[in-house]
$ cat my_file.txt   # compact mmCIF, C-alpha atoms
# COMPACT_ATOMS: atom_id res chain seq x y z
CA MET L 1 201.89 61.84 63.87
CA TYR L 2 199.68 64.94 63.70
CA ARG L 3 196.69 63.54 61.81
CA PHE L 4 194.69 63.88 65.03
CA LEU L 5 194.58 67.64 64.33
CA LEU L 6 192.04 66.86 61.60
CA SER L 7 189.62 65.36 64.11
CA ARG L 8 186.45 67.27 64.91
CA GLN L 9 187.55 68.01 68.46
CA TRP L 10 190.87 69.52 67.39
CA VAL L 11 189.40 71.47 64.48
CA ILE L 12 186.90 73.12 66.85
CA LEU L 13 189.62 73.81 69.43
CA THR L 14 191.87 75.37 66.78
CA LEU L 15 189.08 77.55 65.40
CA VAL L 16 188.23 78.79 68.91
CA ALA L 17 191.89 79.68 69.45
CA LEU L 18 192.03 81.55 66.13
CA VAL L 19 188.96 83.58 67.15
CA LEU L 20 190.20 84.30 70.67
CA ILE L 21 193.57 85.73 69.61
CA PRO L 22 192.33 88.76 67.56
CA THR L 23 189.45 89.28 69.99
CA MET L 24 191.79 89.58 72.95
CA ILE L 25 194.15 91.83 71.00
CA GLU L 26 191.23 94.12 70.14
CA LEU L 27 190.07 94.18 73.77
CA GLY L 28 193.59 95.13 74.77
CA PHE L 29 193.61 98.09 72.37
CA TRP L 30 190.16 99.12 73.61
CA GLN L 31 191.50 99.32 77.17
CA PHE L 32 194.63 101.09 75.91
CA HIS L 33 192.54 103.76 74.20
CA ARG L 34 190.55 104.21 77.41
CA HIS L 35 193.86 104.70 79.22
CA GLU L 36 194.91 107.33 76.68
CA SER L 37 191.56 109.07 77.06
CA ARG L 38 191.91 109.12 80.85
CA VAL L 39 195.42 110.55 80.65
CA ALA L 40 194.26 113.25 78.22
CA GLN L 41 191.29 114.09 80.45
CA ASN L 42 193.53 114.36 83.51
CA ALA L 43 195.79 116.75 81.65
CA LEU L 44 192.80 118.83 80.51
CA ILE L 45 191.38 119.03 84.04
CA ALA L 46 194.74 120.00 85.54
CA ASP L 47 195.38 122.69 82.91
CA ASN L 48 191.88 124.20 83.19
CA LEU L 49 191.96 124.23 86.98
CA LYS L 50 195.32 126.03 86.96
CA ALA L 51 194.24 128.59 84.35
CA LYS L 52 193.39 132.11 85.43
CA PRO L 53 189.61 132.47 85.93
CA LEU L 54 187.74 134.24 83.14
CA PRO L 55 184.34 135.96 83.24
CA VAL L 56 181.77 133.31 82.38
CA GLU L 57 180.34 135.49 79.61
CA GLN L 58 183.59 135.06 77.66
CA LEU L 59 183.18 131.29 77.40
CA THR L 60 179.45 130.74 76.98
CA SER L 61 176.24 132.39 75.86
CA PRO L 62 172.52 131.53 75.64
CA GLY L 63 172.07 128.29 73.68
CA HIS L 64 175.81 127.63 73.66
CA THR L 65 177.08 124.07 74.02
CA VAL L 66 180.18 124.07 76.20
CA PRO L 67 182.96 122.25 74.28
CA ARG L 68 185.03 119.63 76.00
CA ALA L 69 188.10 121.87 75.86
CA ASP L 70 186.34 124.26 78.28
CA TYR L 71 185.15 121.63 80.78
CA TRP L 72 186.29 122.49 84.35
CA ARG L 73 187.57 125.90 83.17
CA GLN L 74 187.73 128.31 86.06
CA VAL L 75 185.23 131.15 85.57
CA THR L 76 183.73 133.98 87.59
CA ALA L 77 180.21 135.39 87.57
CA THR L 78 178.93 138.53 89.28
CA GLY L 79 175.24 139.03 89.94
CA THR L 80 172.31 138.41 92.29
CA PHE L 81 170.88 135.01 93.18
CA ASP L 82 167.29 134.37 92.10
CA THR L 83 166.10 131.99 94.81
CA ALA L 84 162.50 132.12 93.54
CA HIS L 85 163.54 129.87 90.65
CA GLU L 86 165.89 127.67 92.65
CA VAL L 87 165.60 123.90 92.04
CA VAL L 88 167.22 120.79 93.43
CA VAL L 89 168.80 118.02 91.35
CA ARG L 90 167.78 114.60 92.65
CA ARG L 91 169.88 111.50 93.35
CA ARG L 92 173.26 113.16 93.77
CA THR L 93 175.97 111.89 96.12
CA SER L 94 178.26 113.77 98.46
CA SER L 95 182.02 113.34 98.67
CA ASP L 96 181.44 110.51 101.19
CA ASP L 97 178.77 108.80 99.04
CA ARG L 98 175.67 109.96 100.91
CA VAL L 99 172.66 110.30 98.63
CA GLY L 100 171.02 113.69 98.49
CA VAL L 101 170.48 116.59 96.07
CA HIS L 102 172.41 119.41 94.45
CA VAL L 103 171.15 122.96 94.86
CA LEU L 104 170.84 124.74 91.51
CA THR L 105 170.29 128.48 91.84
CA PRO L 106 170.06 130.99 88.95
CA LEU L 107 172.45 133.94 89.20
CA VAL L 108 171.14 137.06 87.45
CA LEU L 109 174.09 138.82 85.85
CA ARG L 110 174.42 142.59 85.51
CA ASP L 111 173.21 142.47 81.92
CA GLY L 112 170.03 140.63 82.94
CA ARG L 113 171.04 137.25 81.59
CA ILE L 114 171.27 134.23 83.88
CA VAL L 115 173.89 131.59 84.62
CA LEU L 116 172.99 128.49 86.60
CA VAL L 117 175.10 127.90 89.71
CA ASN L 118 175.39 124.49 91.31
CA ARG L 119 175.88 125.62 94.93
CA GLY L 120 176.63 122.12 96.23
CA TRP L 121 175.18 119.09 98.00
CA ILE L 122 172.59 118.86 100.78
CA PRO L 123 170.65 115.88 102.20
CA ALA L 124 167.35 115.07 100.52
CA ALA L 125 164.06 115.54 102.36
CA ALA L 126 162.68 112.53 104.22
CA ASP L 127 159.66 112.69 101.93
CA GLN L 128 160.83 112.31 98.32
CA HIS L 129 157.92 114.48 97.17
CA ALA L 130 158.84 117.38 99.47
CA PHE L 131 161.25 120.19 98.70
CA PRO L 132 164.20 119.90 101.11
CA PRO L 133 165.25 122.74 103.42
CA VAL L 134 167.82 124.60 101.33
CA PRO L 135 170.38 126.91 102.98
CA PRO L 136 169.70 130.45 101.80
CA ALA L 137 171.86 131.93 99.07
CA PRO L 138 173.80 135.13 99.81
CA LYS L 139 171.75 138.29 99.40
CA GLY L 140 172.78 141.22 97.25
CA GLU L 141 175.43 141.23 94.54
CA VAL L 142 178.02 138.46 94.82
CA THR L 143 180.92 137.21 92.75
CA VAL L 144 181.03 133.44 92.40
CA THR L 145 184.00 131.44 91.19
CA GLY L 146 183.56 127.94 89.87
CA ARG L 147 184.20 125.32 87.21
CA LEU L 148 182.34 125.58 83.91
CA LYS L 149 180.40 122.43 83.01
CA ALA L 150 178.31 121.43 80.01
CA ASP L 151 174.56 120.80 80.20
CA GLU L 152 173.84 117.27 81.39
CA THR L 153 172.16 114.84 79.02
CA THR L 154 170.87 111.31 79.38
CA GLY L 155 173.28 110.11 76.70
CA ALA L 156 176.35 111.50 78.46
CA SER L 157 175.38 110.83 82.08
CA GLY L 158 173.12 107.79 81.84
CA ILE L 159 170.60 109.58 84.07
CA LYS L 160 167.04 109.43 82.77
CA ASP L 161 165.23 112.77 82.59
CA LEU L 162 162.12 111.60 84.43
CA LYS L 163 158.79 113.34 83.94
CA GLY L 164 156.18 114.09 86.57
CA LEU L 165 158.67 115.05 89.27
CA PRO L 166 157.59 117.17 92.26
CA ASP L 167 157.69 120.92 91.80
CA ARG L 168 161.18 122.47 91.69
CA GLN L 169 162.92 119.10 91.39
CA VAL L 170 164.85 117.94 88.31
CA MET L 171 167.02 114.98 87.31
CA LEU L 172 169.45 116.76 84.96
CA ILE L 173 171.07 120.18 84.91
CA SER L 174 169.94 121.76 81.65
CA SER L 175 170.22 125.45 80.81
CA ARG L 176 167.63 125.08 78.06
CA GLN L 177 165.14 123.44 80.41
CA GLN L 178 165.63 126.14 83.03
CA ALA L 179 165.39 128.92 80.43
CA GLU L 180 161.90 127.64 79.56
CA LEU L 181 160.88 127.56 83.22
CA ILE L 182 162.32 130.97 84.08
CA GLY L 183 161.36 132.70 80.84
CA ARG L 184 164.69 134.48 80.45
CA GLU L 185 167.97 134.00 78.61
CA VAL L 186 170.23 131.46 80.34
CA LEU L 187 173.87 130.94 79.44
CA GLY L 188 174.68 127.46 78.13
CA GLY L 189 176.09 125.03 80.65
CA TYR L 190 176.40 125.84 84.32
CA LEU L 191 178.89 126.90 86.98
CA GLU L 192 179.99 124.44 89.69
CA GLN L 193 180.73 126.74 92.63
CA SER L 194 184.14 126.55 94.30
CA ALA L 195 184.18 129.95 96.03
CA PRO L 196 183.15 131.67 98.21
CA ASP L 197 182.66 129.08 100.92
CA PRO L 198 179.02 128.92 102.02
CA ALA L 199 178.06 130.11 105.47
CA GLY L 200 178.01 127.23 107.92
CA GLY L 201 179.63 124.92 105.38
CA THR L 202 176.36 124.05 103.67
CA PRO L 203 175.60 123.34 100.91
CA GLU L 204 178.75 121.21 100.70
CA LEU L 205 180.82 122.45 97.79
CA ILE L 206 181.53 119.84 95.14
CA PRO L 207 185.21 118.78 95.28
CA GLU L 208 187.52 119.11 92.32
CA PRO L 209 187.42 116.17 89.92
CA ASP L 210 190.11 113.55 90.38
CA HIS L 211 192.89 114.19 87.88
CA ASP L 212 195.72 112.17 89.45
CA SER L 213 194.53 108.60 89.09
CA ILE L 214 194.96 106.97 85.67
CA GLY L 215 192.77 103.99 86.53
CA PRO L 216 193.41 100.31 85.77
CA HIS L 217 192.93 100.46 81.99
CA MET L 218 196.61 100.08 81.07
CA ALA L 219 196.92 97.04 83.33
CA TYR L 220 193.80 95.55 81.73
CA ALA L 221 195.26 96.14 78.26
CA VAL L 222 198.48 94.31 79.16
CA GLN L 223 196.44 91.45 80.63
CA TRP L 224 194.42 91.02 77.44
CA TRP L 225 197.59 91.01 75.32
CA LEU L 226 199.18 88.44 77.60
CA PHE L 227 196.07 86.30 77.28
CA ALA L 228 196.30 86.62 73.48
CA ALA L 229 199.94 85.51 73.57
CA GLY L 230 199.07 82.64 75.88
CA VAL L 231 196.48 81.12 73.54
CA PRO L 232 198.95 79.82 70.87
CA VAL L 233 201.38 78.76 73.60
CA GLY L 234 198.62 76.77 75.29
CA TRP L 235 197.56 75.30 71.94
CA VAL L 236 201.11 74.07 71.24
CA ILE L 237 201.38 72.55 74.73
CA LEU L 238 198.09 70.68 74.24
CA VAL L 239 199.20 69.41 70.82
CA ARG L 240 202.49 68.11 72.17
CA ARG L 241 200.74 66.45 75.11
CA GLU L 242 198.25 64.80 72.76
CA LYS L 243 201.07 63.60 70.52
CA ARG L 244 202.99 62.17 73.48
CA ASP L 245 199.90 60.43 74.88
CA ARG L 246 199.07 58.90 71.50
CA ALA L 247 202.67 57.70 71.04
CA ALA L 248 202.62 56.11 74.50
CA GLN L 249 199.30 54.44 73.76
CA ALA L 250 200.59 53.10 70.45
CA ALA L 251 203.71 51.68 72.13
CA SER L 252 201.62 49.91 74.77
CA ASP L 253 199.46 48.30 72.08
CA VAL L 254 202.45 46.65 70.27
CA PRO L 255 202.87 43.01 71.49
CA GLY L 256 206.29 42.22 72.97
CA PRO L 257 208.56 39.20 72.04
CA THR L 258 207.16 35.81 73.22
CA GLU L 259 209.16 33.19 75.16
CA PRO L 260 209.46 29.67 73.52
CA ASP L 261 206.97 27.17 74.92
CA THR L 262 208.86 24.25 76.49
CA THR L 263 206.12 22.93 78.72
CA GLY L 264 205.35 20.00 76.40
CA ALA L 265 208.94 18.98 75.65
CA GLN L 266 210.24 15.66 77.02
CA ALA L 267 213.67 15.26 78.48
CA ALA L 268 216.10 13.38 76.25
CA PRO L 269 216.92 9.86 77.50
CA ALA L 270 220.31 9.43 79.11
CA ARG L 271 222.82 7.21 77.36
$ encode --input "my_file.txt" --output "C-alpha cells"
Amino acid sequence: MYRFLLSRQWVILTLVALVLIPTMIELGFWQFHRHESRVAQNALIADNLKAKPLPVEQLTSPGHTVPRADYWRQVTATGTFDTAHEVVVRRRTSSDDRVGVHVLTPLVLRDGRIVLVNRGWIPAAADQHAFPPVPPAPKGEVTVTGRLKADETTGASGIKDLKGLPDRQVMLISSRQQAELIGREVLGGYLEQSAPDPAGGTPELIPEPDHDSIGPHMAYAVQWWLFAAGVPVGWVILVRREKRDRAAQAASDVPGPTEPDTTGAQAAPAR
C-alpha cells in the first residue's frame, strides 16, 4: 500500500519535510531569544532610568568603554559648554521621524576634562554642506542631567563613518574621535541630555527609550513552532490522500462481472 513512498517524488518531499522541521524549530528559538533579550533590555532601561543620578565621573573616564549595564544610567555633569568645538551628527531623526541632526557640544568639567553632551535634535541645513543654525548653549557654569550612552560604532549602529564630511559634521558620536579633534581628555561615551529644558524648546531633547513594548518576537517564535508541528501533520494528510487516490484508481481498473451473451441463441421450438 505504501510503496509509493519510495518514488522519487515522495522521497524528495519527505526529505524537504525533514529539513524544514528542525529549521523552523531553530528559527522559533532564535525569535524566543530575541524576545528574552528585549525583555531584559526593557528591565535594564527601566531600572537605570529610575536610579538616582550619579556624577558622570563616577561611571566613566577617558578611554573608558561604557558597559551595557550602565547604558541609560542617569548621570549629572557640571561645567561650561565649549561651543567652539561643537559638531552636528548627520542623518538623525526627531521623535516624529523628521530627518535632521543632533547637536553634540563638549562640556568642560571643573577638573578640565570634557564630556560630550548630545543636546538634542534640530533640522538640517538646506545645503547639506553647510553648518546648520544651532541654538546657542547656555553660558556660564551649568549642571546637565542625562542618560549615559556608549560611543557609537559602525558595527553596533550600522551607520558608516563616512570620510570627507563638511567641517564640524560627523556621522557617529565617538569620544575618541572628538578627543583627537579637541586635543584634550574626553570621558568615554557621551551624555544624552534630559534636563534642563532648552530655551525655546530647541534643540528638541531626545525622548526616553521605549521600555514598555516587548515587540512581536514571542508571537513569531510561536508561529515558527506551529509551522514545525504542521509539517508532519501535512505530510501524513498527503500520504493518506495519496493512498486513498491510488486505492480508488486500482478499484476502477478492476473489470466487473460480465453478463452472459444471449444475442445469438435461438428460441426452442414449441411442442
$ residues_around --input "my_file.txt" --residues "Thr202 (chain L)" --least-positions-apart "2" --cutoff "10 Å" --atoms "all atoms listed in the file" --output "ChimeraX atom specification"
/L:119-122,134-136,197-200,204-205
$ residues_around --input "my_file.txt" --residues "Gly215 (chain L)" --least-positions-apart "6" --cutoff "10 Å" --atoms "all atoms listed in the file" --output "PyMOL selection string"
chain L and resi 34-35+38-39
$ residues_around --input "my_file.txt" --residues "region 24-32 of chain L" --least-positions-apart "2" --cutoff "10 Å" --atoms "only C-alpha atoms" --output "PyMOL selection string"
chain L and resi 19-22+34-38+216-229+231
$ atom_distance --input "my_file.txt" --atom1 "CA of Arg241 (chain L)" --atom2 "CA of Gln9 (chain L)"
14.9 Å
$ closest_residue --input "my_file.txt" --among "L:Gln58, L:Gln178, L:Thr93, L:Thr143" --to "Ala77 (chain L)" --atoms "only C-alpha atoms"
L:Thr143
$ atom_distance --input "my_file.txt" --atom1 "CA of Asp210 (chain L)" --atom2 "CA of Gln41 (chain L)"
10.0 Å
$ closest_residue --input "my_file.txt" --among "L:Leu13, L:Leu49, L:Ile114, L:Leu107" --to "Val186 (chain L)" --atoms "all atoms listed in the file"
L:Ile114
$ closest_residue --input "my_file.txt" --among "L:Leu18, L:Ile12, L:Leu109, L:Leu54" --to "Trp72 (chain L)" --atoms "only C-alpha atoms"
L:Leu54
$ atom_distance --input "my_file.txt" --atom1 "CA of Arg147 (chain L)" --atom2 "CA of Gln193 (chain L)"
6.6 Å
$ residues_around --input "my_file.txt" --residues "Thr76 (chain L)" --least-positions-apart "4" --cutoff "12 Å" --atoms "all atoms listed in the file" --output "PyMOL selection string"
chain L and resi 52-60+107+109+115+117+142-148+190-196
$ closest_residue --input "my_file.txt" --among "L:Thr78, L:Ser252, L:Ala247, L:Ala17" --to "Met1 (chain L)" --atoms "only C-alpha atoms"
L:Ala247
$ residues_around --input "my_file.txt" --residues "region 151-167 of chain L" --least-positions-apart "3" --cutoff "9 Å" --atoms "only C-alpha atoms" --output "NGL selection string"
:L and (65-66 or 87 or 128-131 or 170-176 or 188-190)
$ closest_residue --input "my_file.txt" --among "L:Leu6, L:Ile182, L:Ala125, L:Ile206" --to "Pro106 (chain L)" --atoms "only C-alpha atoms"
L:Ile182
$ closest_residue --input "my_file.txt" --among "L:Thr80, L:Thr105, L:Thr14, L:Asn42" --to "Pro203 (chain L)" --atoms "only C-alpha atoms"
L:Thr105
$ build_atoms --input "my_file.txt" --residues "region 50-71 of chain L" --atoms "N, CA, C and O atoms" --output "tab-separated table (two decimals), keeping the file's coordinate frame"
chain	number	residue	atom	x	y	z
L	50	LYS	N	194.21	125.12	86.67
L	50	LYS	CA	195.32	126.03	86.96
L	50	LYS	C	195.18	127.36	86.21
L	50	LYS	O	195.84	128.34	86.58
L	51	ALA	N	194.37	127.38	85.17
L	51	ALA	CA	194.24	128.59	84.35
L	51	ALA	C	193.60	129.73	85.14
L	51	ALA	O	192.80	129.51	86.05
L	52	LYS	N	193.95	130.93	84.77
L	52	LYS	CA	193.39	132.11	85.43
L	52	LYS	C	191.90	132.18	85.13
L	52	LYS	O	191.47	132.02	83.99
L	53	PRO	N	191.06	132.40	86.16
L	53	PRO	CA	189.61	132.47	85.93
L	53	PRO	C	189.23	133.59	84.96
L	53	PRO	O	189.80	134.68	84.99
L	54	LEU	N	188.26	133.27	84.09
L	54	LEU	CA	187.74	134.24	83.14
L	54	LEU	C	186.28	134.54	83.47
L	54	LEU	O	185.59	133.70	84.05
L	55	PRO	N	185.78	135.72	83.09
L	55	PRO	CA	184.34	135.96	83.24
L	55	PRO	C	183.55	134.92	82.44
L	55	PRO	O	183.91	134.61	81.29
L	56	VAL	N	182.51	134.39	83.02
L	56	VAL	CA	181.77	133.31	82.38
L	56	VAL	C	181.21	133.73	81.03
L	56	VAL	O	181.08	132.91	80.11
L	57	GLU	N	180.90	135.01	80.87
L	57	GLU	CA	180.34	135.49	79.61
L	57	GLU	C	181.32	135.34	78.44
L	57	GLU	O	180.90	135.35	77.28
L	58	GLN	N	182.61	135.21	78.73
L	58	GLN	CA	183.59	135.06	77.66
L	58	GLN	C	183.63	133.63	77.10
L	58	GLN	O	184.14	133.42	75.99
L	59	LEU	N	183.09	132.68	77.83
L	59	LEU	CA	183.18	131.29	77.40
L	59	LEU	C	181.85	130.67	77.01
L	59	LEU	O	181.84	129.60	76.40
L	60	THR	N	180.75	131.32	77.34
L	60	THR	CA	179.45	130.74	76.98
L	60	THR	C	178.43	131.85	76.77
L	60	THR	O	178.65	133.00	77.13
L	61	SER	N	177.32	131.46	76.18
L	61	SER	CA	176.24	132.39	75.86
L	61	SER	C	174.94	131.60	75.81
L	61	SER	O	174.96	130.37	75.83
L	62	PRO	N	173.78	132.28	75.71
L	62	PRO	CA	172.52	131.53	75.64
L	62	PRO	C	172.49	130.57	74.46
L	62	PRO	O	172.84	130.93	73.33
L	63	GLY	N	172.13	129.31	74.72
L	63	GLY	CA	172.07	128.29	73.68
L	63	GLY	C	173.41	127.68	73.33
L	63	GLY	O	173.47	126.79	72.48
L	64	HIS	N	174.46	128.12	73.98
L	64	HIS	CA	175.81	127.63	73.66
L	64	HIS	C	176.03	126.25	74.27
L	64	HIS	O	175.61	125.97	75.39
L	65	THR	N	176.68	125.38	73.51
L	65	THR	CA	177.08	124.07	74.02
L	65	THR	C	178.54	124.16	74.44
L	65	THR	O	179.41	124.42	73.60
L	66	VAL	N	178.81	123.96	75.70
L	66	VAL	CA	180.18	124.07	76.20
L	66	VAL	C	181.04	122.96	75.60
L	66	VAL	O	180.73	121.77	75.77
L	67	PRO	N	182.11	123.30	74.87
L	67	PRO	CA	182.96	122.25	74.28
L	67	PRO	C	183.81	121.58	75.35
L	67	PRO	O	184.05	122.14	76.42
L	68	ARG	N	184.26	120.39	75.03
L	68	ARG	CA	185.03	119.63	76.00
L	68	ARG	C	186.30	120.36	76.42
L	68	ARG	O	186.75	120.24	77.56
L	69	ALA	N	186.87	121.14	75.54
L	69	ALA	CA	188.10	121.87	75.86
L	69	ALA	C	187.89	122.87	77.00
L	69	ALA	O	188.85	123.26	77.67
L	70	ASP	N	186.64	123.28	77.23
L	70	ASP	CA	186.34	124.26	78.28
L	70	ASP	C	185.78	123.62	79.55
L	70	ASP	O	185.48	124.33	80.51
L	71	TYR	N	185.63	122.29	79.56
L	71	TYR	CA	185.15	121.63	80.78
L	71	TYR	C	186.11	121.95	81.93
L	71	TYR	O	187.34	121.91	81.77
